[in-house]
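For reference, the structure is listed below as structure tokens.
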Amino acid sequence: MTNYAILDCEHVSETIDGFGEFGDMMVDAFNSIGFDPDFELFDTKRGDLPASVKDFDGYIIMGSYNGAYDTDLWIYDLGNFIQDTYNNCDRKMIGICFGHQMIGQALGGKVEKAAAGWGLGSLPLSFQQNKFPIPLPNKMNLLFSHGDQVTRLPENSINLATAEHCPHAMFSIDNRMLGLQAHPEFTSEFLTKLIHKHTPIFGVDNARNAIESLHTQPDNKTMLHILKNFLL
């Protein structure tokens with residue numbers, strides 16, 4: 001049976017009850033589409049990483065309140081793990097939000113505060129096939145919550161999706177590394193609680209607009225199938 005490591009990069013349950021960590025949400029989301037391999041979660045924010053990049057069939061790096069450019073030791077170690085995975089084995093890796101930014105930065109791109117400000121709510125993306133082996137729709141809506149973004153892609157990257165607020169919303173490298181700025185593991189209920197919890201950070205107007213956008217149902221299952229097919 002295939003086994004995948006989920007690298008958890010935040011302790012969200014310390015501030016929002018009832019949903020678990022981002023990694024738990026990812027497992028639940030994949031299970032909801034019938035994808036149920038062995039998942040092992042690592043508390044990467046506390047320095048926990050697989051002993052070898054060859055220990056698992058693939059890797060998923062989750063979101064964080066930190067920035068990919070922060071100087072914490074665990075972020076440095078995670079960047080080295082990404083580089084090691086890319087350079088020294090054929091395993092596939094997916095990055096979600098902060099994970100997407102970490103892949104971008106670790107492999108030679110650049111991450112900065114988004115000039116457009118917070119990307120928050122249920123927002124539309126436009127896709128382009130760009131030699132990606134898995135069929136992509138023209139458009140879909142997904143849930144976002146981020147203040148940083150990849151402003152320069154790594155060499156050899158293929159940009160797969162753009163959003164109005166985020167020109168590099170999804171990219172791949174050699175069909176082995178895949179970054180997605182959005183959160184297909186989130187539910188609208190969780191994002192609502194997150195927005196209410198952190199309204200002082202987001203700003204009242206951003207929070208209000210984001211809550212209103214959640215009337216548009218996100219296309220989570222469509223994206224989860226794309227991620228599953230990428231891993232397989």
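Here, A, B, ... name the chains of the structure tokens in the order displayed, residue numbers run from 1 inside each chain, and ligands are numbered from 1 in the same displayed order.
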Quick one: everything within 7 Å of Asp219 in chain A, counting only C-alpha atoms, minus sequence neighbours fewer than 4 positions away in the same chain. Send it as a PDB file with N, CA and C atoms, in the first residue's frame.
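Generated output (out-v5.pdb):
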ATOM      1  N   MET A 140     -12.147  27.392 -11.769  1.00  0.00           N
ATOM      2  CA  MET A 140     -12.808  26.870 -10.576  1.00  0.00           C
ATOM      3  C   MET A 140     -12.659  27.881  -9.455  1.00  0.00           C
ATOM      4  N   ASN A 141     -13.478  27.737  -8.433  1.00  0.00           N
ATOM      5  CA  ASN A 141     -13.369  28.546  -7.222  1.00  0.00           C
ATOM      6  C   ASN A 141     -12.759  27.713  -6.115  1.00  0.00           C
ATOM      7  N   LEU A 142     -11.811  28.303  -5.380  1.00  0.00           N
ATOM      8  CA  LEU A 142     -11.217  27.636  -4.231  1.00  0.00           C
ATOM      9  C   LEU A 142     -11.088  28.622  -3.080  1.00  0.00           C
ATOM     10  N   MET A 223     -10.450  19.802  -7.262  1.00  0.00           N
ATOM     11  CA  MET A 223      -9.022  19.988  -7.027  1.00  0.00           C
ATOM     12  C   MET A 223      -8.417  18.796  -6.290  1.00  0.00           C
TER      13      MET A 223
END
Counting only C-alpha atoms, which residues of range 42-130 of chain A sit at most 10 Å from some atom of range 172-187 of chain A, and what is each one's closest atom pair with its distance in Å to one decimal, listed by chain and rising residue number, as JSON lines?
{"residue": "A:Gly58", "atom": "CA", "partner": "A:Arg176", "partner_atom": "CA", "distance": 9.5}
{"residue": "A:Tyr59", "atom": "CA", "partner": "A:Met177", "partner_atom": "CA", "distance": 9.5}
{"residue": "A:Ile60", "atom": "CA", "partner": "A:Leu178", "partner_atom": "CA", "distance": 9.4}
{"residue": "A:Ile61", "atom": "CA", "partner": "A:Gly179", "partner_atom": "CA", "distance": 9.3}
{"residue": "A:Met62", "atom": "CA", "partner": "A:His183", "partner_atom": "CA", "distance": 9.1}
{"residue": "A:Gly63", "atom": "CA", "partner": "A:His183", "partner_atom": "CA", "distance": 8.4}
{"residue": "A:Ile82", "atom": "CA", "partner": "A:Met177", "partner_atom": "CA", "distance": 9.3}
{"residue": "A:Thr85", "atom": "CA", "partner": "A:Met177", "partner_atom": "CA", "distance": 9.4}
{"residue": "A:Tyr86", "atom": "CA", "partner": "A:Met177", "partner_atom": "CA", "distance": 7.6}
{"residue": "A:Asp90", "atom": "CA", "partner": "A:Arg176", "partner_atom": "CA", "distance": 7.4}
{"residue": "A:Arg91", "atom": "CA", "partner": "A:Arg176", "partner_atom": "CA", "distance": 7.0}
{"residue": "A:Lys92", "atom": "CA", "partner": "A:Arg176", "partner_atom": "CA", "distance": 4.6}
{"residue": "A:Met93", "atom": "CA", "partner": "A:Met177", "partner_atom": "CA", "distance": 4.9}
{"residue": "A:Ile94", "atom": "CA", "partner": "A:Leu178", "partner_atom": "CA", "distance": 4.8}
{"residue": "A:Gly95", "atom": "CA", "partner": "A:Gly179", "partner_atom": "CA", "distance": 4.7}
{"residue": "A:Ile96", "atom": "CA", "partner": "A:Leu180", "partner_atom": "CA", "distance": 5.1}
{"residue": "A:Cys97", "atom": "CA", "partner": "A:Gln181", "partner_atom": "CA", "distance": 4.1}
{"residue": "A:Phe98", "atom": "CA", "partner": "A:Gln181", "partner_atom": "CA", "distance": 7.5}
{"residue": "A:Gly99", "atom": "CA", "partner": "A:Gly179", "partner_atom": "CA", "distance": 7.2}
{"residue": "A:His100", "atom": "CA", "partner": "A:Gly179", "partner_atom": "CA", "distance": 4.1}
{"residue": "A:Gln101", "atom": "CA", "partner": "A:Gly179", "partner_atom": "CA", "distance": 7.3}
{"residue": "A:Met102", "atom": "CA", "partner": "A:Gly179", "partner_atom": "CA", "distance": 8.8}
{"residue": "A:Ile103", "atom": "CA", "partner": "A:Gly179", "partner_atom": "CA", "distance": 6.9}
{"residue": "A:Gly104", "atom": "CA", "partner": "A:Gly179", "partner_atom": "CA", "distance": 7.5}
{"residue": "A:Leu107", "atom": "CA", "partner": "A:Ile173", "partner_atom": "CA", "distance": 9.5}
{"residue": "A:Gly119", "atom": "CA", "partner": "A:Ala182", "partner_atom": "CA", "distance": 9.2}
{"residue": "A:Leu120", "atom": "CA", "partner": "A:Ala182", "partner_atom": "CA", "distance": 9.6}
{"residue": "A:Gly121", "atom": "CA", "partner": "A:Ala182", "partner_atom": "CA", "distance": 9.8}
{"residue": "A:Ser122", "atom": "CA", "partner": "A:Ala182", "partner_atom": "CA", "distance": 9.4}
{"residue": "A:Leu123", "atom": "CA", "partner": "A:Ala182", "partner_atom": "CA", "distance": 9.1}
{"residue": "A:Leu125", "atom": "CA", "partner": "A:Ala182", "partner_atom": "CA", "distance": 9.5}
{"residue": "A:Asn130", "atom": "CA", "partner": "A:Ser172", "partner_atom": "CA", "distance": 9.8}
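Closest approach to His168 in chain A among A:Val53, A:Leu7, A:Ile195, A:Val111: A:Val111, based on only C-alpha atoms.
Nearest residue to Gly203 in chain A among A:Pro37, A:Pro137, A:Gly117, A:Gly108 is A:Gly117, counting only C-alpha atoms.
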Inset, instruction - Do a neighbour search on Leu160 in chain A at 6 Å with only C-alpha atoms, toss out local chain neighbours closer than 4 positions, and write the hits as a list in words. - result: Phe127, Gln128, Met170 and Phe171 of chain A
Same residues, C-alpha atoms, saved as an mmCIF file, in the first residue's frame:
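So the final result, stored in again37.cif, reads:
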data_model
loop_
_atom_site.group_PDB
_atom_site.id
_atom_site.type_symbol
_atom_site.label_atom_id
_atom_site.label_comp_id
_atom_site.auth_asym_id
_atom_site.auth_seq_id
_atom_site.Cartn_x
_atom_site.Cartn_y
_atom_site.Cartn_z
ATOM 1 C CA PHE A 127 -6.142 27.346 -15.472
ATOM 2 C CA GLN A 128 -3.937 26.575 -18.439
ATOM 3 C CA MET A 170 -0.468 26.929 -9.010
ATOM 4 C CA PHE A 171 2.753 25.715 -10.612
#
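Shortest separation to Leu227 in chain A among A:Phe35, A:Tyr76, A:Tyr69, A:Phe190 occurs at residue A:Phe35, atoms counted being only C-alpha atoms.
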Inset, instruction - Could you give me, as number ranges by chain, each residue of range 17-197 of chain A that DSSP assigns to strand (DSSP E) when run on this structure's backbone? - result: A: 38-43, 58-61, 92-96, 110-113, 119-127, 139-146, 148-152, 157-163, 166-173, 177-180
Test item: residues at most 7 Å from Ala163 in chain A, only C-alpha atoms, excluding those fewer than 3 positions along its chain, as a compact mmCIF listing (two decimals) with N, CA, C and O atoms, in the first residue's frame:
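Okay, this is what ended up in part_15.txt:
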# COMPACT_ATOMS: atom_id res chain seq x y z
N PRO A 124 -12.04 32.93 -7.62
CA PRO A 124 -11.90 32.18 -8.88
C PRO A 124 -10.45 32.08 -9.35
O PRO A 124 -9.64 32.99 -9.15
N LEU A 125 -10.13 30.93 -9.95
CA LEU A 125 -8.84 30.71 -10.61
C LEU A 125 -9.09 30.37 -12.06
O LEU A 125 -10.09 29.72 -12.40
N SER A 126 -8.15 30.76 -12.91
CA SER A 126 -8.14 30.37 -14.32
C SER A 126 -6.95 29.46 -14.55
O SER A 126 -5.84 29.75 -14.09
N CYS A 166 -3.39 36.90 -7.51
CA CYS A 166 -2.23 36.01 -7.35
C CYS A 166 -1.84 35.41 -8.71
O CYS A 166 -2.48 34.45 -9.16
N PRO A 167 -0.81 35.95 -9.37
CA PRO A 167 -0.48 35.47 -10.72
C PRO A 167 0.10 34.06 -10.76
O PRO A 167 0.04 33.41 -11.80
N ALA A 169 -0.75 31.09 -8.89
CA ALA A 169 -1.60 30.40 -7.91
C ALA A 169 -1.40 28.89 -7.91
O ALA A 169 -1.79 28.21 -6.96
